[in-house]
>>> print(open('my_file-v5.pdb').read())   # PDB, C-alpha atoms and all ligand atoms
ATOM      1  CA  ASN A 212     -68.731  54.855 103.845
ATOM      2  CA  GLN A 213     -70.741  53.694 106.782
ATOM      3  CA  ILE A 214     -74.283  52.531 107.491
ATOM      4  CA  LYS A 215     -76.194  51.926 110.702
ATOM      5  CA  LEU A 216     -79.044  49.410 110.627
ATOM      6  CA  PHE A 217     -81.999  48.285 112.669
ATOM      7  CA  CYS A 218     -82.009  44.464 112.661
ATOM      8  CA  PRO A 219     -85.473  43.194 113.595
ATOM      9  CA  ALA A 220     -86.478  40.328 115.842
ATOM     10  CA  THR A 221     -88.640  37.635 114.247
ATOM     11  CA  ILE A 222     -91.097  34.910 115.192
ATOM     12  CA  ALA A 223     -90.378  31.679 113.341
ATOM     13  CA  ASN A 224     -92.838  28.819 112.746
ATOM     14  CA  VAL A 225     -95.915  30.913 113.720
ATOM     15  CA  SER A 226     -97.399  27.661 115.108
ATOM     16  CA  CYS A 227     -98.281  25.683 111.991
ATOM     17  CA  GLY A 228     -95.299  26.605 109.771
ATOM     18  CA  PHE A 229     -92.345  24.750 111.307
ATOM     19  CA  ASP A 230     -89.231  25.872 109.389
ATOM     20  CA  VAL A 231     -91.374  27.360 106.580
ATOM     21  CA  LEU A 232     -93.047  30.487 107.985
ATOM     22  CA  GLY A 233     -91.846  33.483 109.956
ATOM     23  CA  LEU A 234     -92.822  37.067 110.698
ATOM     24  CA  CYS A 235     -90.892  40.233 111.400
ATOM     25  CA  LEU A 236     -91.445  42.328 114.531
ATOM     26  CA  GLU A 237     -91.282  45.945 113.418
ATOM     27  CA  SER A 238     -90.329  47.472 116.733
ATOM     28  CA  VAL A 239     -88.026  44.963 118.459
ATOM     29  CA  GLY A 240     -84.438  44.427 117.383
ATOM     30  CA  ASP A 241     -80.685  45.076 117.436
ATOM     31  CA  GLU A 242     -78.588  47.706 115.722
ATOM     32  CA  MET A 243     -75.447  47.221 113.690
ATOM     33  CA  LEU A 244     -72.874  49.666 112.366
ATOM     34  CA  PHE A 245     -70.836  48.876 109.229
ATOM     35  CA  GLU A 246     -67.788  50.905 108.209
ATOM     36  CA  LYS A 247     -65.579  50.574 105.160
ATOM     37  CA  SER A 248     -61.895  50.187 105.864
ATOM     38  CA  ALA A 249     -58.807  50.144 103.643
ATOM     39  CA  GLU A 250     -57.676  46.770 104.987
ATOM     40  CA  LYS A 251     -59.516  43.946 103.270
ATOM     41  CA  GLY A 252     -61.545  41.391 105.226
ATOM     42  CA  ILE A 253     -64.362  41.318 107.777
ATOM     43  CA  ARG A 254     -63.711  42.394 111.362
ATOM     44  CA  ILE A 255     -66.066  42.501 114.319
ATOM     45  CA  GLN A 256     -64.869  45.492 116.304
ATOM     46  CA  GLU A 257     -67.159  45.365 119.287
ATOM     47  CA  ILE A 258     -70.339  43.732 120.556
ATOM     48  CA  ILE A 259     -72.277  45.842 123.024
ATOM     49  CA  GLY A 260     -74.978  44.203 125.137
ATOM     50  CA  ALA A 261     -73.945  40.548 124.822
ATOM     51  CA  ASP A 262     -71.003  38.321 125.563
ATOM     52  CA  LEU A 263     -70.401  36.813 122.117
ATOM     53  CA  PRO A 264     -67.200  35.858 120.292
ATOM     54  CA  LEU A 265     -65.481  38.540 118.201
ATOM     55  CA  GLU A 266     -63.751  35.930 116.025
ATOM     56  CA  VAL A 267     -65.416  36.143 112.626
ATOM     57  CA  GLU A 268     -65.619  32.374 112.059
ATOM     58  CA  GLN A 269     -67.254  31.835 115.449
ATOM     59  CA  ASN A 270     -69.752  34.642 115.222
ATOM     60  CA  VAL A 271     -73.096  34.335 113.439
ATOM     61  CA  ALA A 272     -72.810  37.840 111.971
ATOM     62  CA  GLY A 273     -69.199  37.176 111.051
ATOM     63  CA  VAL A 274     -69.933  33.927 109.220
ATOM     64  CA  ALA A 275     -72.853  35.451 107.315
ATOM     65  CA  ALA A 276     -70.923  38.626 106.440
ATOM     66  CA  LEU A 277     -67.913  36.605 105.322
ATOM     67  CA  SER A 278     -69.927  34.313 103.062
ATOM     68  CA  LEU A 279     -71.295  37.326 101.181
ATOM     69  CA  TYR A 280     -68.013  39.246 101.302
ATOM     70  CA  GLU A 281     -66.178  36.339  99.665
ATOM     71  CA  GLU A 282     -68.834  36.196  96.965
ATOM     72  CA  LEU A 283     -68.752  39.937  96.191
ATOM     73  CA  ASP A 284     -65.006  40.315  96.783
ATOM     74  CA  PRO A 285     -64.959  44.121  97.189
ATOM     75  CA  ASP A 286     -61.622  46.001  97.256
ATOM     76  CA  PHE A 287     -62.194  47.263 100.812
ATOM     77  CA  GLY A 288     -62.722  45.744 104.229
ATOM     78  CA  VAL A 289     -65.739  45.933 106.531
ATOM     79  CA  ASP A 290     -65.647  46.715 110.256
ATOM     80  CA  ILE A 291     -68.769  45.737 112.183
ATOM     81  CA  THR A 292     -70.058  46.949 115.554
ATOM     82  CA  ILE A 293     -73.055  45.103 116.989
ATOM     83  CA  TYR A 294     -75.488  46.536 119.532
ATOM     84  CA  LYS A 295     -77.438  43.536 120.847
ATOM     85  CA  ASN A 296     -80.855  44.045 122.390
ATOM     86  CA  ILE A 297     -82.285  40.625 121.562
ATOM     87  CA  LYS A 298     -81.047  38.047 124.023
ATOM     88  CA  ALA A 299     -79.404  34.918 122.644
ATOM     89  CA  GLY A 300     -81.561  31.812 122.991
ATOM     90  CA  SER A 301     -84.738  33.855 123.476
ATOM     91  CA  GLY A 302     -86.725  32.428 120.550
ATOM     92  CA  ILE A 303     -87.182  35.718 118.742
ATOM     93  CA  GLY A 304     -84.411  35.319 116.230
ATOM     94  CA  SER A 305     -81.383  36.795 117.969
ATOM     95  CA  SER A 306     -78.915  35.021 115.701
ATOM     96  CA  ALA A 307     -81.054  35.735 112.642
ATOM     97  CA  ALA A 308     -81.091  39.472 113.382
ATOM     98  CA  SER A 309     -77.285  39.412 113.416
ATOM     99  CA  ALA A 310     -77.001  37.236 110.310
ATOM    100  CA  ALA A 311     -79.566  39.216 108.320
ATOM    101  CA  GLY A 312     -78.088  42.532 109.448
ATOM    102  CA  ALA A 313     -74.603  41.348 108.510
ATOM    103  CA  VAL A 314     -75.458  40.503 104.913
ATOM    104  CA  PHE A 315     -77.601  43.618 104.483
ATOM    105  CA  GLY A 316     -74.746  45.794 105.763
ATOM    106  CA  VAL A 317     -72.089  44.245 103.516
ATOM    107  CA  ASN A 318     -74.424  44.448 100.515
ATOM    108  CA  ALA A 319     -75.190  48.102 101.295
ATOM    109  CA  LEU A 320     -71.505  49.069 101.454
ATOM    110  CA  CYS A 321     -71.068  47.377  98.062
ATOM    111  CA  ASN A 322     -73.940  49.495  96.639
ATOM    112  CA  TYR A 323     -76.655  46.842  96.756
ATOM    113  CA  PRO A 324     -75.590  44.385  94.014
ATOM    114  CA  LEU A 325     -77.972  41.740  95.439
ATOM    115  CA  SER A 326     -81.671  41.955  96.275
ATOM    116  CA  ASN A 327     -82.820  41.290  99.842
ATOM    117  CA  LYS A 328     -84.245  37.989  98.642
ATOM    118  CA  GLU A 329     -80.876  36.971  97.231
ATOM    119  CA  LEU A 330     -79.245  37.835 100.568
ATOM    120  CA  ILE A 331     -81.280  35.201 102.413
ATOM    121  CA  TYR A 332     -79.005  32.362 101.291
ATOM    122  CA  TYR A 333     -75.929  34.092 102.778
ATOM    123  CA  ALA A 334     -77.716  34.960 106.021
ATOM    124  CA  MET A 335     -78.645  31.273 106.354
ATOM    125  CA  GLN A 336     -74.942  30.397 106.533
ATOM    126  CA  GLY A 337     -74.711  32.392 109.767
ATOM    127  CA  GLU A 338     -77.897  30.838 111.084
ATOM    128  CA  ALA A 339     -76.440  27.370 110.496
ATOM    129  CA  LEU A 340     -73.631  28.170 112.936
ATOM    130  CA  ALA A 341     -76.128  29.082 115.658
ATOM    131  CA  SER A 342     -78.680  26.317 115.328
ATOM    132  CA  GLY A 343     -76.927  23.538 113.448
ATOM    133  CA  ALA A 344     -79.423  23.859 110.598
ATOM    134  CA  PRO A 345     -79.549  26.605 107.983
ATOM    135  CA  HIS A 346     -83.261  27.300 108.467
ATOM    136  CA  ALA A 347     -84.608  30.464 106.821
ATOM    137  CA  ASP A 348     -87.775  31.162 108.779
ATOM    138  CA  ASN A 349     -86.099  33.893 110.861
ATOM    139  CA  VAL A 350     -83.637  35.401 108.377
ATOM    140  CA  ALA A 351     -86.195  35.604 105.544
ATOM    141  CA  PRO A 352     -88.735  37.747 107.441
ATOM    142  CA  ALA A 353     -85.872  39.773 108.966
ATOM    143  CA  LEU A 354     -84.683  40.675 105.464
ATOM    144  CA  LEU A 355     -88.044  40.975 103.699
ATOM    145  CA  GLY A 356     -90.272  42.312 106.524
ATOM    146  CA  GLY A 357     -93.798  41.081 107.263
ATOM    147  CA  PHE A 358     -94.515  37.381 106.798
ATOM    148  CA  ALA A 359     -92.152  35.239 104.715
ATOM    149  CA  PHE A 360     -93.032  31.741 103.528
ATOM    150  CA  ILE A 361     -90.400  29.222 102.477
ATOM    151  CA  ARG A 362     -92.073  27.088  99.833
ATOM    152  CA  SER A 363     -88.866  25.153  99.216
ATOM    153  CA  TYR A 364     -85.326  24.948 100.604
ATOM    154  CA  ASP A 365     -83.854  23.201  97.586
ATOM    155  CA  PRO A 366     -84.030  25.193  95.454
ATOM    156  CA  LEU A 367     -84.634  28.122  97.772
ATOM    157  CA  ASP A 368     -88.056  29.585  96.981
ATOM    158  CA  ILE A 369     -89.308  32.277  99.330
ATOM    159  CA  ILE A 370     -92.539  34.238  99.080
ATOM    160  CA  SER A 371     -93.597  37.396 100.933
ATOM    161  CA  ILE A 372     -97.118  37.103 102.341
ATOM    162  CA  PRO A 373     -99.214  40.238 103.006
ATOM    163  CA  THR A 374     -99.843  41.316 106.595
ATOM    164  CA  PRO A 375    -103.338  42.470 107.620
ATOM    165  CA  SER A 376    -103.016  46.083 108.775
ATOM    166  CA  GLU A 377    -104.328  45.506 112.302
ATOM    167  CA  LEU A 378    -102.243  42.446 113.103
ATOM    168  CA  TYR A 379    -100.040  42.817 116.200
ATOM    169  CA  ALA A 380     -97.810  40.393 118.039
ATOM    170  CA  THR A 381     -97.338  40.086 121.775
ATOM    171  CA  VAL A 382     -94.267  38.131 122.837
ATOM    172  CA  ILE A 383     -93.225  37.175 126.327
ATOM    173  CA  HIS A 384     -89.703  35.987 126.938
ATOM    174  CA  PRO A 385     -89.278  33.904 130.069
ATOM    175  CA  GLN A 386     -85.560  34.322 130.593
ATOM    176  CA  ILE A 387     -84.517  30.737 130.925
ATOM    177  CA  GLU A 388     -81.981  29.649 128.366
ATOM    178  CA  LEU A 389     -83.151  27.330 125.613
ATOM    179  CA  LYS A 390     -80.696  26.755 122.795
ATOM    180  CA  THR A 391     -82.208  26.265 119.335
ATOM    181  CA  LYS A 392     -79.880  23.288 118.840
ATOM    182  CA  ASP A 393     -81.309  21.610 121.943
ATOM    183  CA  ALA A 394     -84.904  22.525 121.092
ATOM    184  CA  ARG A 395     -84.373  20.990 117.636
ATOM    185  CA  SER A 396     -82.968  17.788 119.080
ATOM    186  CA  VAL A 397     -86.265  16.947 120.830
ATOM    187  CA  VAL A 398     -88.369  17.316 117.665
ATOM    188  CA  LYS A 399     -89.751  14.014 116.366
ATOM    189  CA  GLN A 400     -88.376  12.981 112.989
ATOM    190  CA  ASN A 401     -91.545  11.175 111.925
ATOM    191  CA  ILE A 402     -95.074  12.561 111.835
ATOM    192  CA  SER A 403     -98.263  10.602 111.332
ATOM    193  CA  LEU A 404    -100.296  11.231 108.196
ATOM    194  CA  LYS A 405    -103.209  12.264 110.396
ATOM    195  CA  LYS A 406    -101.149  15.034 112.035
ATOM    196  CA  ALA A 407     -99.655  16.098 108.697
ATOM    197  CA  ILE A 408    -103.170  16.543 107.283
ATOM    198  CA  VAL A 409    -104.233  18.729 110.203
ATOM    199  CA  GLN A 410    -101.050  20.788 109.893
ATOM    200  CA  CYS A 411    -101.481  21.273 106.121
ATOM    201  CA  GLY A 412    -105.029  22.452 106.721
ATOM    202  CA  ASN A 413    -103.924  24.966 109.331
ATOM    203  CA  LEU A 414    -100.979  26.288 107.341
ATOM    204  CA  GLY A 415    -103.175  26.749 104.271
ATOM    205  CA  GLY A 416    -105.812  28.407 106.457
ATOM    206  CA  LEU A 417    -103.290  30.788 107.996
ATOM    207  CA  ILE A 418    -101.939  31.848 104.599
ATOM    208  CA  CYS A 419    -105.486  32.389 103.257
ATOM    209  CA  GLY A 420    -106.342  34.356 106.394
ATOM    210  CA  LEU A 421    -103.310  36.611 105.911
ATOM    211  CA  TYR A 422    -104.145  37.251 102.240
ATOM    212  CA  ASN A 423    -107.773  38.041 103.003
ATOM    213  CA  SER A 424    -107.271  39.893 106.315
ATOM    214  CA  ASP A 425    -109.582  37.277 107.802
ATOM    215  CA  TYR A 426    -108.638  37.535 111.482
ATOM    216  CA  ASP A 427    -111.010  34.787 112.526
ATOM    217  CA  LEU A 428    -109.479  32.339 110.056
ATOM    218  CA  ILE A 429    -105.985  33.338 111.230
ATOM    219  CA  GLY A 430    -107.040  32.499 114.781
ATOM    220  CA  ARG A 431    -108.606  29.164 113.831
ATOM    221  CA  SER A 432    -105.417  28.172 112.045
ATOM    222  CA  LEU A 433    -102.875  28.934 114.781
ATOM    223  CA  HIS A 434    -102.254  25.382 116.012
ATOM    224  CA  ASP A 435     -99.223  23.171 115.824
ATOM    225  CA  GLU A 436     -99.284  19.383 115.637
ATOM    226  CA  PHE A 437     -95.566  18.960 114.988
ATOM    227  CA  VAL A 438     -93.371  20.554 117.628
ATOM    228  CA  GLU A 439     -95.474  22.384 120.205
ATOM    229  CA  PRO A 440     -96.659  19.239 122.034
ATOM    230  CA  ILE A 441     -93.045  18.345 122.832
ATOM    231  CA  ARG A 442     -91.282  21.676 123.018
ATOM    232  CA  SER A 443     -93.935  23.208 125.246
ATOM    233  CA  LEU A 444     -92.778  20.822 127.994
ATOM    234  CA  LEU A 445     -89.502  22.755 128.092
ATOM    235  CA  ILE A 446     -91.235  26.097 128.657
ATOM    236  CA  PRO A 447     -92.384  27.010 132.170
ATOM    237  CA  ASN A 448     -96.056  28.052 132.390
ATOM    238  CA  PHE A 449     -96.613  27.504 128.662
ATOM    239  CA  ASP A 450    -100.201  26.254 128.975
ATOM    240  CA  GLU A 451    -101.155  29.073 131.352
ATOM    241  CA  LEU A 452     -99.591  31.696 129.084
ATOM    242  CA  GLN A 453    -101.424  30.365 126.042
ATOM    243  CA  LEU A 454    -104.705  30.180 127.901
ATOM    244  CA  ALA A 455    -104.336  33.709 129.326
ATOM    245  CA  ALA A 456    -103.657  35.062 125.821
ATOM    246  CA  ILE A 457    -106.716  33.380 124.317
ATOM    247  CA  GLU A 458    -108.964  34.324 127.227
ATOM    248  CA  HIS A 459    -107.967  37.974 126.834
ATOM    249  CA  GLY A 460    -108.810  38.142 123.164
ATOM    250  CA  ALA A 461    -105.744  36.913 121.243
ATOM    251  CA  LEU A 462    -106.470  35.254 117.914
ATOM    252  CA  GLY A 463    -104.072  32.464 118.809
ATOM    253  CA  SER A 464    -100.843  31.756 120.642
ATOM    254  CA  GLY A 465     -97.865  29.434 120.386
ATOM    255  CA  ILE A 466     -94.133  29.010 120.853
ATOM    256  CA  SER A 467     -92.027  31.696 119.215
ATOM    257  CA  GLY A 468     -89.413  29.905 117.112
ATOM    258  CA  ALA A 469     -87.628  27.322 119.194
ATOM    259  CA  GLY A 470     -88.788  29.009 122.433
ATOM    260  CA  PRO A 471     -88.763  29.772 125.276
ATOM    261  CA  SER A 472     -90.605  32.920 124.140
ATOM    262  CA  VAL A 473     -94.355  32.543 123.725
ATOM    263  CA  PHE A 474     -96.225  34.710 121.212
ATOM    264  CA  ALA A 475     -99.818  35.697 120.635
ATOM    265  CA  LEU A 476    -101.271  37.309 117.513
ATOM    266  CA  CYS A 477    -103.933  39.937 118.101
ATOM    267  CA  GLU A 478    -106.251  42.147 116.107
ATOM    268  CA  GLY A 479    -105.343  45.699 117.089
ATOM    269  CA  ARG A 480    -102.780  47.200 119.436
ATOM    270  CA  LYS A 481    -105.274  47.565 122.289
ATOM    271  CA  VAL A 482    -105.976  43.834 122.426
ATOM    272  CA  ALA A 483    -102.257  43.100 122.123
ATOM    273  CA  GLU A 484    -101.582  45.334 125.168
ATOM    274  CA  VAL A 485    -104.333  43.631 127.198
ATOM    275  CA  VAL A 486    -102.897  40.234 126.258
ATOM    276  CA  ALA A 487     -99.416  41.419 127.253
ATOM    277  CA  LYS A 488    -100.709  42.373 130.690
ATOM    278  CA  ALA A 489    -102.462  39.033 131.124
ATOM    279  CA  MET A 490     -99.354  37.074 130.113
ATOM    280  CA  LYS A 491     -97.193  39.133 132.438
ATOM    281  CA  GLU A 492     -99.617  38.350 135.246
ATOM    282  CA  VAL A 493     -99.132  34.608 134.664
ATOM    283  CA  VAL A 494     -95.403  34.840 135.334
ATOM    284  CA  ARG A 495     -95.667  37.271 138.246
ATOM    285  CA  GLY A 496     -93.776  35.767 141.153
ATOM    286  CA  ALA A 497     -92.043  33.195 138.925
ATOM    287  CA  ASP A 498     -88.446  32.430 139.801
ATOM    288  CA  TYR A 499     -87.216  33.716 136.429
ATOM    289  CA  GLU A 500     -87.188  37.160 134.859
ATOM    290  CA  SER A 501     -89.337  37.892 131.842
ATOM    291  CA  GLU A 502     -89.558  40.562 129.209
ATOM    292  CA  ILE A 503     -92.585  41.426 127.112
ATOM    293  CA  HIS A 504     -92.943  43.115 123.724
ATOM    294  CA  VAL A 505     -95.930  44.345 121.748
ATOM    295  CA  SER A 506     -95.147  45.026 118.115
ATOM    296  CA  PRO A 507     -96.812  45.633 114.781
ATOM    297  CA  ILE A 508     -95.791  43.128 112.113
TER     298      ILE A 508
HETATM  299  N1  LIG A 601     -87.831  26.807 112.721
HETATM  300  C1  LIG A 601     -86.787  26.921 113.715
HETATM  301  C2  LIG A 601     -87.073  25.937 114.821
HETATM  302  C3  LIG A 601     -86.764  28.313 114.231
HETATM  303  O1  LIG A 601     -88.201  25.893 115.285
HETATM  304  O2  LIG A 601     -86.158  25.221 115.226
HETATM  305  C4  LIG A 601     -85.738  28.569 115.281
HETATM  306  O3  LIG A 601     -85.791  29.928 115.644
END
>>> encode(input="my_file-v5.pdb", output="structure tokens", more="lines below")
Ligand code: HSE
Amino acid sequence: NQIKLFCPATIANVSCGFDVLGLCLESVGDEMLFEKSAEKGIRIQEIIGADLPLEVEQNVAGVAALSLYEELDPDFGVDITIYKNIKAGSGIGSSAASAAGAVFGVNALCNYPLSNKELIYYAMQGEALASGAPHADNVAPALLGGFAFIRSYDPLDIISIPTPSELYATVIHPQIELKTKDARSVVKQNISLKKAIVQCGNLGGLICGLYNSDYDLIGRSLHDEFVEPIRSLLIPNFDELQLAAIEHGALGSGISGAGPSVFALCEGRKVAEVVAKAMKEVVRGADYESEIHVSPI
């Protein structure tokens, strides 16, 4: 009659896959508790660790849970308690963790009528509230684990991509607030054919690299022509962080989701730890706090 979940953080875009690629961080995330109740409906009982609205329609988890609840129409209600660890506006899928957790929890209490893949659509409804666009590149990896690739939004067509066993992510979160909505508003609506060709090459290369555990190819492919040139201007010390990561052995580095977090992919935990130290060093003495994570994918 109750279930407690780990709701993972995620890195969307992974440089060359704007809105179409994301990965799941195995060891960073929130927790959520779901309890059946006799009174029908969805209720958010408490949110620990963040100052977020409890009203269901104004809460990402609430909106996502409600969209699935209305579809399944169970004869019981669901009470939700959220333990937030991932800071809102951090760029590692805080809203997605809540949205994905919400639909997983409701589905679990209903005895799993839908597959995790089918849940993605409902989680996207919550994500739309947070970012103004129902993008799936955080909720899909949060629900499926590993790397998830969105081949198409209409119709929704999502593919799980294998993760090489030694692939680790280092993520640094400079704690300045950057809302996804705002970070989306600066993205250019038109891209030159030349840039699109480079991006297609890199995205294809990254996917091939993941399938073949070709770490070198993964590294060569981690570049972004579309959003990084503009969004990076909003992130303090971005160039230095990226350079420090590469110089200390990362395969590649870029903006995590809409930022301000910056990620690096590394072969092996040891390298990922060294990269974490180097990135931390860059922001030492900065006038903002920062938090760093090293996680398998
Ligand atoms: N693909 C989305 C964006 C991810 O970059 O706006 C947001 O986390």
>>> closest_atom_pairs(input="my_file-v5.pdb", of="chain A", to="ligand LIG 601 (chain A)", cutoff="6 Å", atoms="all atoms listed in the file", output="CSV")
residue,atom,partner,partner_atom,distance
A:Ala223,CA,A:LIG601,C3,5.0
A:Asn224,CA,A:LIG601,N1,5.4
A:Phe229,CA,A:LIG601,N1,5.2
A:Asp230,CA,A:LIG601,N1,3.7
A:Gly302,CA,A:LIG601,O3,5.6
A:Gly304,CA,A:LIG601,O3,5.6
A:Asp348,CA,A:LIG601,N1,5.9
A:Thr391,CA,A:LIG601,O2,5.8
A:Arg395,CA,A:LIG601,O2,5.2
A:Gly468,CA,A:LIG601,O3,3.9
A:Ala469,CA,A:LIG601,O1,4.2
>>> residues_around(input="my_file-v5.pdb", residues="A:Glu451", least_positions_apart="5", cutoff="12 Å", atoms="only C-alpha atoms", output="PyMOL selection string")
chain A and resi 443+446+456-458+464-465+473+489-494
>>> resolve_selection(input="my_file-v5.pdb", expression="the PyMOL selection byres (((chain A and resi 414-417) around 6) and not hetatm)", output="list in words")
Cys227, Cys411, Gly412, Asn413, Ile418, Cys419, Gly420, Ile429 and Ser432 of chain A
>>> residues_around(input="my_file-v5.pdb", residues="stretch 382-389 of chain A", least_positions_apart="5", cutoff="10 Å", atoms="only C-alpha atoms", output="PyMOL selection string")
chain A and resi 222+236+298-303+394+445-449+452+464-467+469-476+483+486-487+490-491+494+497-506
>>> atom_distance(input="my_file-v5.pdb", atom1="atom CA of A:Cys321", atom2="atom CA of A:Ile293")
19.2 Å
>>> closest_residue(input="my_file-v5.pdb", among="A:Leu283, A:Ile441, A:Ala334, A:Leu367", to="A:Lys399", atoms="only C-alpha atoms")
A:Ile441
>>> closest_residue(input="my_file-v5.pdb", among="A:Leu320, A:Val485, A:Ala347, A:Leu279", to="A:Lys215", atoms="all atoms listed in the file")
A:Leu320
>>> resolve_selection(input="my_file-v5.pdb", expression="the PyMOL selection byres (((chain A and resi 278) around 9) and not hetatm)", output="list in words")
Gly273, Val274, Ala275, Ala276, Leu277, Leu279, Tyr280, Glu281, Glu282, Leu283, Val314, Tyr333, Ala334, Gln336 and Gly337 of chain A
>>> write_last_selection(input="my_file-v5.pdb", atoms="C-alpha atoms", output="PDB file, keeping the file's coordinate frame")
ATOM      1  CA  GLY A 273     -69.199  37.176 111.051  1.00  0.00           C
ATOM      2  CA  VAL A 274     -69.933  33.927 109.220  1.00  0.00           C
ATOM      3  CA  ALA A 275     -72.853  35.451 107.315  1.00  0.00           C
ATOM      4  CA  ALA A 276     -70.923  38.626 106.440  1.00  0.00           C
ATOM      5  CA  LEU A 277     -67.913  36.605 105.322  1.00  0.00           C
ATOM      6  CA  LEU A 279     -71.295  37.326 101.181  1.00  0.00           C
ATOM      7  CA  TYR A 280     -68.013  39.246 101.302  1.00  0.00           C
ATOM      8  CA  GLU A 281     -66.178  36.339  99.665  1.00  0.00           C
ATOM      9  CA  GLU A 282     -68.834  36.196  96.965  1.00  0.00           C
ATOM     10  CA  LEU A 283     -68.752  39.937  96.191  1.00  0.00           C
ATOM     11  CA  VAL A 314     -75.458  40.503 104.913  1.00  0.00           C
ATOM     12  CA  TYR A 333     -75.929  34.092 102.778  1.00  0.00           C
ATOM     13  CA  ALA A 334     -77.716  34.960 106.021  1.00  0.00           C
ATOM     14  CA  GLN A 336     -74.942  30.397 106.533  1.00  0.00           C
ATOM     15  CA  GLY A 337     -74.711  32.392 109.767  1.00  0.00           C
TER      16      GLY A 337
END
>>> closest_residue(input="my_file-v5.pdb", among="A:Val438, A:Ile331, A:Pro352, A:Gln269", to="A:Pro219", atoms="only C-alpha atoms")
A:Pro352
